[in-house]
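Source file: work-v9.pdb. Holds: PDB, C-alpha atoms.
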```pdb
ATOM      1  CA  MET V  28     -51.780  75.157  23.896  1.00  0.00           C
ATOM      2  CA  THR V  29     -52.817  72.822  26.716  1.00  0.00           C
ATOM      3  CA  ASP V  30     -52.158  69.149  26.108  1.00  0.00           C
ATOM      4  CA  ALA V  31     -55.551  67.540  26.765  1.00  0.00           C
ATOM      5  CA  ARG V  32     -54.620  63.986  25.832  1.00  0.00           C
ATOM      6  CA  PRO V  33     -55.485  61.357  28.445  1.00  0.00           C
ATOM      7  CA  PHE V  34     -52.935  59.297  30.341  1.00  0.00           C
ATOM      8  CA  HIS V  35     -53.518  55.616  29.597  1.00  0.00           C
ATOM      9  CA  PHE V  36     -53.141  52.737  32.031  1.00  0.00           C
ATOM     10  CA  LYS V  37     -53.986  49.114  31.288  1.00  0.00           C
ATOM     11  CA  HIS V  38     -57.536  49.234  32.635  1.00  0.00           C
ATOM     12  CA  PHE V  39     -58.422  52.917  32.692  1.00  0.00           C
ATOM     13  CA  SER V  40     -57.488  56.270  31.194  1.00  0.00           C
ATOM     14  CA  LEU V  41     -57.719  59.697  32.755  1.00  0.00           C
ATOM     15  CA  PHE V  42     -57.334  63.367  31.924  1.00  0.00           C
ATOM     16  CA  HIS V  43     -55.124  65.408  34.224  1.00  0.00           C
ATOM     17  CA  HIS V  44     -54.425  68.691  32.409  1.00  0.00           C
ATOM     18  CA  ARG V  45     -56.962  70.708  34.478  1.00  0.00           C
ATOM     19  CA  SER V  46     -56.021  69.287  37.845  1.00  0.00           C
ATOM     20  CA  THR V  47     -53.592  70.920  40.243  1.00  0.00           C
ATOM     21  CA  MET V  48     -52.064  67.476  40.836  1.00  0.00           C
ATOM     22  CA  LYS V  49     -51.050  65.638  37.663  1.00  0.00           C
ATOM     23  CA  VAL V  50     -50.407  61.932  37.206  1.00  0.00           C
ATOM     24  CA  GLY V  51     -47.030  61.308  38.827  1.00  0.00           C
ATOM     25  CA  THR V  52     -44.777  58.603  40.204  1.00  0.00           C
ATOM     26  CA  ASP V  53     -45.475  59.489  43.852  1.00  0.00           C
ATOM     27  CA  ALA V  54     -49.210  58.807  43.618  1.00  0.00           C
ATOM     28  CA  ILE V  55     -48.750  55.790  41.351  1.00  0.00           C
ATOM     29  CA  LEU V  56     -46.375  54.089  43.785  1.00  0.00           C
ATOM     30  CA  LEU V  57     -48.656  54.884  46.722  1.00  0.00           C
ATOM     31  CA  GLY V  58     -51.714  53.489  44.932  1.00  0.00           C
ATOM     32  CA  ARG V  59     -49.894  50.288  44.057  1.00  0.00           C
ATOM     33  CA  TRP V  60     -48.264  49.904  47.483  1.00  0.00           C
ATOM     34  CA  VAL V  61     -51.261  50.290  49.752  1.00  0.00           C
ATOM     35  CA  GLU V  62     -52.913  47.031  50.781  1.00  0.00           C
ATOM     36  CA  THR V  63     -56.644  46.730  50.167  1.00  0.00           C
ATOM     37  CA  ARG V  64     -59.557  44.416  50.935  1.00  0.00           C
ATOM     38  CA  PRO V  65     -62.682  43.816  48.826  1.00  0.00           C
ATOM     39  CA  THR V  66     -64.874  45.282  51.586  1.00  0.00           C
ATOM     40  CA  ASP V  67     -62.855  48.496  51.961  1.00  0.00           C
ATOM     41  CA  VAL V  68     -64.698  51.815  51.839  1.00  0.00           C
ATOM     42  CA  VAL V  69     -61.995  54.358  51.003  1.00  0.00           C
ATOM     43  CA  LEU V  70     -61.503  58.126  51.216  1.00  0.00           C
ATOM     44  CA  ASP V  71     -58.924  59.990  49.109  1.00  0.00           C
ATOM     45  CA  ILE V  72     -58.031  63.406  50.554  1.00  0.00           C
ATOM     46  CA  GLY V  73     -56.758  65.846  47.899  1.00  0.00           C
ATOM     47  CA  THR V  74     -57.659  63.628  44.963  1.00  0.00           C
ATOM     48  CA  GLY V  75     -56.575  65.922  42.111  1.00  0.00           C
ATOM     49  CA  CYS V  76     -57.527  64.175  38.869  1.00  0.00           C
ATOM     50  CA  GLY V  77     -58.738  61.061  40.701  1.00  0.00           C
ATOM     51  CA  LEU V  78     -55.791  58.747  40.043  1.00  0.00           C
ATOM     52  CA  LEU V  79     -55.714  57.037  43.455  1.00  0.00           C
ATOM     53  CA  PRO V  80     -59.451  56.173  43.478  1.00  0.00           C
ATOM     54  CA  LEU V  81     -59.097  54.588  40.043  1.00  0.00           C
ATOM     55  CA  MET V  82     -56.015  52.588  41.038  1.00  0.00           C
ATOM     56  CA  LEU V  83     -57.692  51.349  44.217  1.00  0.00           C
ATOM     57  CA  SER V  84     -60.889  50.504  42.340  1.00  0.00           C
ATOM     58  CA  GLN V  85     -58.831  48.331  39.999  1.00  0.00           C
ATOM     59  CA  LYS V  86     -57.599  46.526  43.116  1.00  0.00           C
ATOM     60  CA  GLY V  87     -61.209  45.688  43.958  1.00  0.00           C
ATOM     61  CA  VAL V  88     -62.244  47.944  46.858  1.00  0.00           C
ATOM     62  CA  SER V  89     -65.944  48.400  47.542  1.00  0.00           C
ATOM     63  CA  GLN V  90     -66.252  52.189  47.226  1.00  0.00           C
ATOM     64  CA  VAL V  91     -64.107  55.337  47.057  1.00  0.00           C
ATOM     65  CA  ASP V  92     -65.051  58.895  48.001  1.00  0.00           C
ATOM     66  CA  ALA V  93     -62.684  61.635  46.807  1.00  0.00           C
ATOM     67  CA  VAL V  94     -62.403  65.181  48.134  1.00  0.00           C
ATOM     68  CA  ASP V  95     -60.475  68.208  46.883  1.00  0.00           C
ATOM     69  CA  VAL V  96     -60.773  71.958  47.460  1.00  0.00           C
ATOM     70  CA  ASP V  97     -60.081  72.759  43.808  1.00  0.00           C
ATOM     71  CA  GLU V  98     -63.220  72.881  41.662  1.00  0.00           C
ATOM     72  CA  ALA V  99     -61.500  72.205  38.323  1.00  0.00           C
ATOM     73  CA  SER V 100     -59.720  69.173  39.785  1.00  0.00           C
ATOM     74  CA  ILE V 101     -62.970  67.718  41.077  1.00  0.00           C
ATOM     75  CA  GLU V 102     -64.687  68.342  37.740  1.00  0.00           C
ATOM     76  CA  GLU V 103     -61.878  66.491  35.993  1.00  0.00           C
ATOM     77  CA  ALA V 104     -61.952  63.651  38.524  1.00  0.00           C
ATOM     78  CA  MET V 105     -65.697  63.260  37.953  1.00  0.00           C
ATOM     79  CA  VAL V 106     -65.139  63.014  34.197  1.00  0.00           C
ATOM     80  CA  ASN V 107     -62.481  60.356  34.765  1.00  0.00           C
ATOM     81  CA  PHE V 108     -64.699  58.418  37.165  1.00  0.00           C
ATOM     82  CA  GLN V 109     -67.639  58.422  34.772  1.00  0.00           C
ATOM     83  CA  ALA V 110     -65.446  57.145  31.941  1.00  0.00           C
ATOM     84  CA  SER V 111     -64.264  54.189  34.023  1.00  0.00           C
ATOM     85  CA  GLN V 112     -65.802  50.762  34.616  1.00  0.00           C
ATOM     86  CA  TRP V 113     -66.091  51.620  38.327  1.00  0.00           C
ATOM     87  CA  ARG V 114     -68.268  54.713  37.865  1.00  0.00           C
ATOM     88  CA  ASP V 115     -70.986  53.434  40.211  1.00  0.00           C
ATOM     89  CA  GLN V 116     -68.650  53.167  43.200  1.00  0.00           C
ATOM     90  CA  LEU V 117     -66.734  56.445  42.806  1.00  0.00           C
ATOM     91  CA  LYS V 118     -67.894  59.815  44.168  1.00  0.00           C
ATOM     92  CA  ALA V 119     -66.158  63.205  44.171  1.00  0.00           C
ATOM     93  CA  PHE V 120     -66.775  66.160  46.499  1.00  0.00           C
ATOM     94  CA  CYS V 121     -65.472  69.708  46.145  1.00  0.00           C
ATOM     95  CA  THR V 122     -64.788  70.580  49.765  1.00  0.00           C
ATOM     96  CA  ASP V 123     -62.107  71.114  52.356  1.00  0.00           C
ATOM     97  CA  ILE V 124     -61.601  68.056  54.556  1.00  0.00           C
ATOM     98  CA  VAL V 125     -62.474  70.227  57.562  1.00  0.00           C
ATOM     99  CA  ASP V 126     -65.931  70.852  56.080  1.00  0.00           C
ATOM    100  CA  PHE V 127     -66.493  67.339  54.694  1.00  0.00           C
ATOM    101  CA  GLN V 128     -69.496  65.862  56.477  1.00  0.00           C
ATOM    102  CA  THR V 129     -70.478  62.213  56.227  1.00  0.00           C
ATOM    103  CA  ASP V 130     -71.919  59.484  58.418  1.00  0.00           C
ATOM    104  CA  LYS V 131     -69.317  57.059  57.065  1.00  0.00           C
ATOM    105  CA  ARG V 132     -66.196  55.914  58.826  1.00  0.00           C
ATOM    106  CA  TYR V 133     -63.598  54.672  56.383  1.00  0.00           C
ATOM    107  CA  ASP V 134     -61.604  51.437  56.340  1.00  0.00           C
ATOM    108  CA  LEU V 135     -58.811  53.126  54.400  1.00  0.00           C
ATOM    109  CA  ILE V 136     -57.860  56.767  53.883  1.00  0.00           C
ATOM    110  CA  VAL V 137     -55.182  57.721  51.342  1.00  0.00           C
ATOM    111  CA  SER V 138     -53.529  61.031  50.511  1.00  0.00           C
ATOM    112  CA  ASN V 139     -50.833  62.500  48.285  1.00  0.00           C
ATOM    113  CA  PRO V 140     -50.743  65.740  50.304  1.00  0.00           C
ATOM    114  CA  PRO V 141     -48.985  69.108  49.883  1.00  0.00           C
ATOM    115  CA  PHE V 142     -45.213  68.681  49.901  1.00  0.00           C
ATOM    116  CA  PHE V 143     -43.482  72.023  49.888  1.00  0.00           C
ATOM    117  CA  ASN V 144     -42.900  74.731  52.470  1.00  0.00           C
ATOM    118  CA  ARG V 145     -43.455  78.475  52.343  1.00  0.00           C
ATOM    119  CA  PHE V 146     -39.977  79.150  50.931  1.00  0.00           C
ATOM    120  CA  SER V 147     -40.660  77.491  47.577  1.00  0.00           C
ATOM    121  CA  LYS V 148     -43.996  78.958  46.589  1.00  0.00           C
ATOM    122  CA  CYS V 149     -45.164  78.544  43.021  1.00  0.00           C
ATOM    123  CA  ASP V 150     -46.883  81.423  41.272  1.00  0.00           C
ATOM    124  CA  SER V 151     -50.315  79.904  40.813  1.00  0.00           C
ATOM    125  CA  GLU V 152     -52.637  80.225  43.812  1.00  0.00           C
ATOM    126  CA  ARG V 153     -54.385  76.983  42.825  1.00  0.00           C
ATOM    127  CA  LYS V 154     -51.098  75.078  42.680  1.00  0.00           C
ATOM    128  CA  SER V 155     -49.958  76.630  45.935  1.00  0.00           C
ATOM    129  CA  LYS V 156     -53.031  75.317  47.728  1.00  0.00           C
ATOM    130  CA  ALA V 157     -52.456  71.880  46.243  1.00  0.00           C
ATOM    131  CA  ARG V 158     -48.704  71.714  46.803  1.00  0.00           C
ATOM    132  CA  HIS V 159     -47.841  73.785  49.897  1.00  0.00           C
ATOM    133  CA  ASN V 160     -48.790  72.647  53.368  1.00  0.00           C
ATOM    134  CA  ASP V 161     -49.132  76.174  54.762  1.00  0.00           C
ATOM    135  CA  ALA V 162     -51.366  77.407  51.913  1.00  0.00           C
ATOM    136  CA  GLY V 163     -54.173  74.876  52.242  1.00  0.00           C
ATOM    137  CA  LEU V 164     -53.982  71.394  53.742  1.00  0.00           C
ATOM    138  CA  SER V 165     -51.632  71.442  56.727  1.00  0.00           C
ATOM    139  CA  TYR V 166     -50.344  68.247  58.302  1.00  0.00           C
ATOM    140  CA  GLU V 167     -52.353  69.070  61.424  1.00  0.00           C
ATOM    141  CA  THR V 168     -55.541  69.502  59.397  1.00  0.00           C
ATOM    142  CA  LEU V 169     -54.918  66.321  57.413  1.00  0.00           C
ATOM    143  CA  CYS V 170     -54.255  64.188  60.503  1.00  0.00           C
ATOM    144  CA  ALA V 171     -57.212  65.653  62.389  1.00  0.00           C
ATOM    145  CA  GLY V 172     -59.458  64.855  59.422  1.00  0.00           C
ATOM    146  CA  VAL V 173     -58.141  61.310  59.222  1.00  0.00           C
ATOM    147  CA  SER V 174     -58.610  60.810  62.968  1.00  0.00           C
ATOM    148  CA  ARG V 175     -62.225  61.985  62.678  1.00  0.00           C
ATOM    149  CA  LEU V 176     -63.143  59.845  59.658  1.00  0.00           C
ATOM    150  CA  LEU V 177     -61.114  56.646  60.051  1.00  0.00           C
ATOM    151  CA  LYS V 178     -62.535  53.494  61.618  1.00  0.00           C
ATOM    152  CA  SER V 179     -60.920  52.365  64.860  1.00  0.00           C
ATOM    153  CA  ASP V 180     -59.192  49.518  62.998  1.00  0.00           C
ATOM    154  CA  GLY V 181     -58.685  51.498  59.767  1.00  0.00           C
ATOM    155  CA  ARG V 182     -55.496  52.327  57.881  1.00  0.00           C
ATOM    156  CA  PHE V 183     -54.144  55.657  56.660  1.00  0.00           C
ATOM    157  CA  ALA V 184     -51.621  55.668  53.783  1.00  0.00           C
ATOM    158  CA  VAL V 185     -49.675  58.730  52.674  1.00  0.00           C
ATOM    159  CA  VAL V 186     -46.668  59.604  50.487  1.00  0.00           C
ATOM    160  CA  LEU V 187     -44.220  62.298  51.648  1.00  0.00           C
ATOM    161  CA  PRO V 188     -40.697  63.583  51.103  1.00  0.00           C
ATOM    162  CA  LEU V 189     -38.418  61.649  53.413  1.00  0.00           C
ATOM    163  CA  SER V 190     -37.107  64.976  54.760  1.00  0.00           C
ATOM    164  CA  VAL V 191     -40.464  65.874  56.357  1.00  0.00           C
ATOM    165  CA  SER V 192     -41.611  62.400  57.355  1.00  0.00           C
ATOM    166  CA  GLU V 193     -40.417  62.580  60.963  1.00  0.00           C
ATOM    167  CA  GLU V 194     -42.149  65.937  61.435  1.00  0.00           C
ATOM    168  CA  PHE V 195     -45.325  64.466  59.948  1.00  0.00           C
ATOM    169  CA  LEU V 196     -45.207  61.407  62.224  1.00  0.00           C
ATOM    170  CA  LYS V 197     -44.941  63.656  65.292  1.00  0.00           C
ATOM    171  CA  VAL V 198     -48.031  65.562  64.146  1.00  0.00           C
ATOM    172  CA  ALA V 199     -49.851  62.292  63.413  1.00  0.00           C
ATOM    173  CA  GLU V 200     -49.171  60.932  66.891  1.00  0.00           C
ATOM    174  CA  LYS V 201     -50.911  63.959  68.396  1.00  0.00           C
ATOM    175  CA  SER V 202     -54.032  62.763  66.536  1.00  0.00           C
ATOM    176  CA  GLY V 203     -53.541  59.211  67.812  1.00  0.00           C
ATOM    177  CA  LEU V 204     -52.081  57.845  64.550  1.00  0.00           C
ATOM    178  CA  PHE V 205     -48.999  55.627  64.700  1.00  0.00           C
ATOM    179  CA  LEU V 206     -46.696  54.204  62.048  1.00  0.00           C
ATOM    180  CA  CYS V 207     -47.261  50.556  61.077  1.00  0.00           C
ATOM    181  CA  LYS V 208     -45.483  50.199  57.738  1.00  0.00           C
ATOM    182  CA  ARG V 209     -43.171  52.198  55.486  1.00  0.00           C
ATOM    183  CA  MET V 210     -41.527  52.058  52.072  1.00  0.00           C
ATOM    184  CA  ASN V 211     -38.325  54.050  51.530  1.00  0.00           C
ATOM    185  CA  ILE V 212     -38.217  55.156  47.874  1.00  0.00           C
ATOM    186  CA  THR V 213     -34.922  55.830  46.088  1.00  0.00           C
ATOM    187  CA  PRO V 214     -35.114  57.670  42.729  1.00  0.00           C
ATOM    188  CA  ILE V 215     -31.828  56.339  41.278  1.00  0.00           C
ATOM    189  CA  GLU V 216     -29.810  53.327  42.356  1.00  0.00           C
ATOM    190  CA  GLY V 217     -26.938  54.368  44.624  1.00  0.00           C
ATOM    191  CA  ASN V 218     -28.646  57.575  45.791  1.00  0.00           C
ATOM    192  CA  GLU V 219     -30.344  58.199  49.116  1.00  0.00           C
ATOM    193  CA  PRO V 220     -34.133  57.772  49.424  1.00  0.00           C
ATOM    194  CA  ASN V 221     -36.108  60.967  48.867  1.00  0.00           C
ATOM    195  CA  ARG V 222     -39.710  59.795  49.266  1.00  0.00           C
ATOM    196  CA  VAL V 223     -41.473  57.533  51.731  1.00  0.00           C
ATOM    197  CA  ASN V 224     -44.828  55.753  51.763  1.00  0.00           C
ATOM    198  CA  LEU V 225     -46.274  55.503  55.261  1.00  0.00           C
ATOM    199  CA  GLU V 226     -49.149  53.465  56.642  1.00  0.00           C
ATOM    200  CA  LEU V 227     -50.556  54.505  60.012  1.00  0.00           C
ATOM    201  CA  GLY V 228     -53.295  53.309  62.343  1.00  0.00           C
ATOM    202  CA  PHE V 229     -54.678  54.034  65.792  1.00  0.00           C
ATOM    203  CA  GLY V 230     -52.778  51.267  67.550  1.00  0.00           C
ATOM    204  CA  LYS V 231     -49.037  50.991  68.088  1.00  0.00           C
ATOM    205  CA  VAL V 232     -47.465  47.872  66.582  1.00  0.00           C
ATOM    206  CA  ALA V 233     -44.713  45.737  68.071  1.00  0.00           C
ATOM    207  CA  GLU V 234     -42.659  45.895  64.875  1.00  0.00           C
ATOM    208  CA  ILE V 235     -42.881  48.398  62.011  1.00  0.00           C
ATOM    209  CA  ARG V 236     -42.659  46.774  58.583  1.00  0.00           C
ATOM    210  CA  VAL V 237     -39.988  48.466  56.449  1.00  0.00           C
ATOM    211  CA  GLU V 238     -39.142  47.893  52.784  1.00  0.00           C
ATOM    212  CA  ASP V 239     -36.894  49.637  50.252  1.00  0.00           C
ATOM    213  CA  PHE V 240     -37.740  50.478  46.657  1.00  0.00           C
ATOM    214  CA  THR V 241     -35.598  51.829  43.791  1.00  0.00           C
ATOM    215  CA  ILE V 242     -37.185  53.430  40.728  1.00  0.00           C
ATOM    216  CA  ARG V 243     -34.288  53.674  38.236  1.00  0.00           C
ATOM    217  CA  ASP V 244     -30.864  52.097  37.837  1.00  0.00           C
ATOM    218  CA  GLN V 245     -27.691  54.117  37.300  1.00  0.00           C
ATOM    219  CA  ASN V 246     -28.406  54.236  33.553  1.00  0.00           C
ATOM    220  CA  LYS V 247     -31.773  55.919  34.344  1.00  0.00           C
ATOM    221  CA  ARG V 248     -33.732  52.852  33.197  1.00  0.00           C
ATOM    222  CA  PHE V 249     -36.588  51.551  35.300  1.00  0.00           C
ATOM    223  CA  THR V 250     -35.408  48.790  37.605  1.00  0.00           C
ATOM    224  CA  PRO V 251     -36.791  45.237  37.374  1.00  0.00           C
ATOM    225  CA  GLN V 252     -38.311  45.907  40.801  1.00  0.00           C
ATOM    226  CA  TYR V 253     -40.217  48.898  39.425  1.00  0.00           C
ATOM    227  CA  ASN V 254     -41.413  47.062  36.304  1.00  0.00           C
ATOM    228  CA  ALA V 255     -42.599  44.050  38.291  1.00  0.00           C
ATOM    229  CA  PHE V 256     -44.308  46.261  40.862  1.00  0.00           C
ATOM    230  CA  LEU V 257     -46.371  48.166  38.283  1.00  0.00           C
ATOM    231  CA  LYS V 258     -46.991  45.478  35.654  1.00  0.00           C
ATOM    232  CA  ASP V 259     -50.729  45.394  36.433  1.00  0.00           C
ATOM    233  CA  TYR V 260     -51.044  49.129  35.686  1.00  0.00           C
ATOM    234  CA  TYR V 261     -48.580  50.274  33.045  1.00  0.00           C
ATOM    235  CA  LEU V 262     -49.041  49.571  29.366  1.00  0.00           C
ATOM    236  CA  GLY V 263     -46.154  47.640  27.851  1.00  0.00           C
ATOM    237  CA  LEU V 264     -45.147  45.837  31.048  1.00  0.00           C
TER     238      LEU V 264
END
```

Show me the file's structure as structure tokens.
Amino acid sequence: MTDARPFHFKHFSLFHHRSTMKVGTDAILLGRWVETRPTDVVLDIGTGCGLLPLMLSQKGVSQVDAVDVDEASIEEAMVNFQASQWRDQLKAFCTDIVDFQTDKRYDLIVSNPPFFNRFSKCDSERKSKARHNDAGLSYETLCAGVSRLLKSDGRFAVVLPLSVSEEFLKVAEKSGLFLCKRMNITPIEGNEPNRVNLELGFGKVAEIRVEDFTIRDQNKRFTPQYNAFLKDYYLGL
């Protein structure tokens, strides 16, 4: 039987059992890490259950549009948006980013994109499109979409496996997007980083801002850094 209980944060709750992309640490850290302004109009590419728009709305952005190719994910995101206090500033669209048409240009674009390559396909076609970059949203398609929809002074924030980040940055540069800021994410203290948050923009910067983040200590407990970082979102912190 499907577990249809919502996931509760301090200021919102959301269902994620129908979405191809569930609530997870990668998206949560990205949503907390990205810097926002009260005037920001934001686009989330591949929104899944709508977690990132809700996190960014809590931060106080002006408006968030969310797109996803998966109909059930968008339906679930819409339910989550309507149940939130920010329902009037959240919109969801079931479309491929290639086909997404709008007159807007966004101050901030965020994405928790497909991670895995063709050699690790999962059985579900829906999950494959959500999780594999050759089955739906390629890095080239993502970066081209960002380049088309981002303001000239806008920011693009994305979470990726560290192992593919250099490949992604090369693709991004072909669309005129350059690294400004990064967070190297280590799952367990003493291990090597395995994820990275990246912020890109159209202009090259003199110095890239780099920070390191560790999720758990060697006893598998959340680190003080993690608890302090997410205290505004997680219950019990």

Would you compute the distance between CA of Met210 (chain V) and CA of Ser46 (chain V)? Give it in Å to one decimal. 26.6 Å

Determine the axis-aligned bounding box of all atoms of region 108-117 of chain V present in the file, pad each side by 5 Å, and express its centre and edge lengths in Å to one decimal place as JSON.
```
{"center_x": -67.6, "center_y": 54.6, "center_z": 37.6, "size_x": 16.7, "size_y": 17.7, "size_z": 21.3}
```

For Arg32 (chain V), please output as an MDAnalysis selection string all residues within 9 Å (counting all atoms listed in the file; exclusion window: fewer than 5 positions along the same chain). chainID V and resid 41:44

Residue nearest Thr122 (chain V) among V:Pro251, V:Gly73, V:Gly87, V:Pro214 (counting only C-alpha atoms):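 For Thr122 (chain V), the nearest of the given residues is V:Gly73.
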
Determine, counting all atoms listed in the file, every residue of protein, DNA or RNA that lies within 12 Å of (-50.6, 61.3, 28.1) in the file coordinates, then give the result as an MDAnalysis selection string. chainID V and resid 29:36 40:44 49:51 262

Determine the residue membership of the PyMOL selection byres ((chain V and resi 168-179) around 9) for the file above and supply it as a VMD selection string. chain V and resid 70 72 124 to 125 127 129 to 136 138 140 164 to 167 180 to 183 195 198 to 204 228 to 230

How about saving the chosen residues, C-alpha atoms kept, as a tab-separated table (two decimals), keeping the file's coordinate frame?
```
chain	number	residue	atom	x	y	z
V	70	LEU	CA	-61.50	58.13	51.22
V	72	ILE	CA	-58.03	63.41	50.55
V	124	ILE	CA	-61.60	68.06	54.56
V	125	VAL	CA	-62.47	70.23	57.56
V	127	PHE	CA	-66.49	67.34	54.69
V	129	THR	CA	-70.48	62.21	56.23
V	130	ASP	CA	-71.92	59.48	58.42
V	131	LYS	CA	-69.32	57.06	57.06
V	132	ARG	CA	-66.20	55.91	58.83
V	133	TYR	CA	-63.60	54.67	56.38
V	134	ASP	CA	-61.60	51.44	56.34
V	135	LEU	CA	-58.81	53.13	54.40
V	136	ILE	CA	-57.86	56.77	53.88
V	138	SER	CA	-53.53	61.03	50.51
V	140	PRO	CA	-50.74	65.74	50.30
V	164	LEU	CA	-53.98	71.39	53.74
V	165	SER	CA	-51.63	71.44	56.73
V	166	TYR	CA	-50.34	68.25	58.30
V	167	GLU	CA	-52.35	69.07	61.42
V	180	ASP	CA	-59.19	49.52	63.00
V	181	GLY	CA	-58.68	51.50	59.77
V	182	ARG	CA	-55.50	52.33	57.88
V	183	PHE	CA	-54.14	55.66	56.66
V	195	PHE	CA	-45.32	64.47	59.95
V	198	VAL	CA	-48.03	65.56	64.15
V	199	ALA	CA	-49.85	62.29	63.41
V	200	GLU	CA	-49.17	60.93	66.89
V	201	LYS	CA	-50.91	63.96	68.40
V	202	SER	CA	-54.03	62.76	66.54
V	203	GLY	CA	-53.54	59.21	67.81
V	204	LEU	CA	-52.08	57.84	64.55
V	228	GLY	CA	-53.30	53.31	62.34
V	229	PHE	CA	-54.68	54.03	65.79
V	230	GLY	CA	-52.78	51.27	67.55
```

Please indicate the distance in Å from CA of Arg45 (chain V) to CA of Val106 (chain V), rounded to one decimal place.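 Answer for the CA of Arg45 (chain V) to CA of Val106 (chain V) separation: 11.2 Å.
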
CA of Met48 (chain V) to CA of Gln252 (chain V), straight-line distance in Å: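 Going from CA of Gln252 (chain V) over to CA of Met48 (chain V) covers 25.6 Å.
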
I need the residue set behind the PyMOL selection byres ((chain V and resi 83) around 12) for this file; please write it as a ChimeraX atom specification. /V:38-39,54-71,77-82,84-93,113,116-117,135-137,260

Output for the residues just chosen: C-alpha atoms as a PDB file, in the coordinates of the input:
```pdb
ATOM      1  CA  HIS V  38     -57.536  49.234  32.635  1.00  0.00           C
ATOM      2  CA  PHE V  39     -58.422  52.917  32.692  1.00  0.00           C
ATOM      3  CA  ALA V  54     -49.210  58.807  43.618  1.00  0.00           C
ATOM      4  CA  ILE V  55     -48.750  55.790  41.351  1.00  0.00           C
ATOM      5  CA  LEU V  56     -46.375  54.089  43.785  1.00  0.00           C
ATOM      6  CA  LEU V  57     -48.656  54.884  46.722  1.00  0.00           C
ATOM      7  CA  GLY V  58     -51.714  53.489  44.932  1.00  0.00           C
ATOM      8  CA  ARG V  59     -49.894  50.288  44.057  1.00  0.00           C
ATOM      9  CA  TRP V  60     -48.264  49.904  47.483  1.00  0.00           C
ATOM     10  CA  VAL V  61     -51.261  50.290  49.752  1.00  0.00           C
ATOM     11  CA  GLU V  62     -52.913  47.031  50.781  1.00  0.00           C
ATOM     12  CA  THR V  63     -56.644  46.730  50.167  1.00  0.00           C
ATOM     13  CA  ARG V  64     -59.557  44.416  50.935  1.00  0.00           C
ATOM     14  CA  PRO V  65     -62.682  43.816  48.826  1.00  0.00           C
ATOM     15  CA  THR V  66     -64.874  45.282  51.586  1.00  0.00           C
ATOM     16  CA  ASP V  67     -62.855  48.496  51.961  1.00  0.00           C
ATOM     17  CA  VAL V  68     -64.698  51.815  51.839  1.00  0.00           C
ATOM     18  CA  VAL V  69     -61.995  54.358  51.003  1.00  0.00           C
ATOM     19  CA  LEU V  70     -61.503  58.126  51.216  1.00  0.00           C
ATOM     20  CA  ASP V  71     -58.924  59.990  49.109  1.00  0.00           C
ATOM     21  CA  GLY V  77     -58.738  61.061  40.701  1.00  0.00           C
ATOM     22  CA  LEU V  78     -55.791  58.747  40.043  1.00  0.00           C
ATOM     23  CA  LEU V  79     -55.714  57.037  43.455  1.00  0.00           C
ATOM     24  CA  PRO V  80     -59.451  56.173  43.478  1.00  0.00           C
ATOM     25  CA  LEU V  81     -59.097  54.588  40.043  1.00  0.00           C
ATOM     26  CA  MET V  82     -56.015  52.588  41.038  1.00  0.00           C
ATOM     27  CA  SER V  84     -60.889  50.504  42.340  1.00  0.00           C
ATOM     28  CA  GLN V  85     -58.831  48.331  39.999  1.00  0.00           C
ATOM     29  CA  LYS V  86     -57.599  46.526  43.116  1.00  0.00           C
ATOM     30  CA  GLY V  87     -61.209  45.688  43.958  1.00  0.00           C
ATOM     31  CA  VAL V  88     -62.244  47.944  46.858  1.00  0.00           C
ATOM     32  CA  SER V  89     -65.944  48.400  47.542  1.00  0.00           C
ATOM     33  CA  GLN V  90     -66.252  52.189  47.226  1.00  0.00           C
ATOM     34  CA  VAL V  91     -64.107  55.337  47.057  1.00  0.00           C
ATOM     35  CA  ASP V  92     -65.051  58.895  48.001  1.00  0.00           C
ATOM     36  CA  ALA V  93     -62.684  61.635  46.807  1.00  0.00           C
ATOM     37  CA  TRP V 113     -66.091  51.620  38.327  1.00  0.00           C
ATOM     38  CA  GLN V 116     -68.650  53.167  43.200  1.00  0.00           C
ATOM     39  CA  LEU V 117     -66.734  56.445  42.806  1.00  0.00           C
ATOM     40  CA  LEU V 135     -58.811  53.126  54.400  1.00  0.00           C
ATOM     41  CA  ILE V 136     -57.860  56.767  53.883  1.00  0.00           C
ATOM     42  CA  VAL V 137     -55.182  57.721  51.342  1.00  0.00           C
ATOM     43  CA  TYR V 260     -51.044  49.129  35.686  1.00  0.00           C
TER      44      TYR V 260
END
```

Can you list what the PyMOL selection byres ((chain V and resi 226) around 7) grabs from this structure, as a ChimeraX atom specification? /V:182-185,206-209,224-225,227

For Gly217 (chain V), the nearest of the candidates V:Val232, V:Ala110, V:Phe240, V:Lys197, counting all atoms listed in the file: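 Closest to Gly217 (chain V) of all the choices is V:Phe240.
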
Selection near Thr241 (chain V), 8 Å with all atoms listed in the file, sequence-local residues under 4 positions removed, as a PDB file with C-alpha atoms, keeping the file's coordinate frame:
```
ATOM      1  CA  ILE V 212     -38.217  55.156  47.874  1.00  0.00           C
ATOM      2  CA  THR V 213     -34.922  55.830  46.088  1.00  0.00           C
ATOM      3  CA  PRO V 214     -35.114  57.670  42.729  1.00  0.00           C
ATOM      4  CA  ILE V 215     -31.828  56.339  41.278  1.00  0.00           C
ATOM      5  CA  GLU V 216     -29.810  53.327  42.356  1.00  0.00           C
ATOM      6  CA  THR V 250     -35.408  48.790  37.605  1.00  0.00           C
ATOM      7  CA  GLN V 252     -38.311  45.907  40.801  1.00  0.00           C
ATOM      8  CA  TYR V 253     -40.217  48.898  39.425  1.00  0.00           C
TER       9      TYR V 253
END
```

Would you please work out which residue, of V:Thr52, V:Asp95, V:Gly75, V:Ser100, is nearest to Phe249 (chain V) when using all atoms listed in the file? V:Thr52
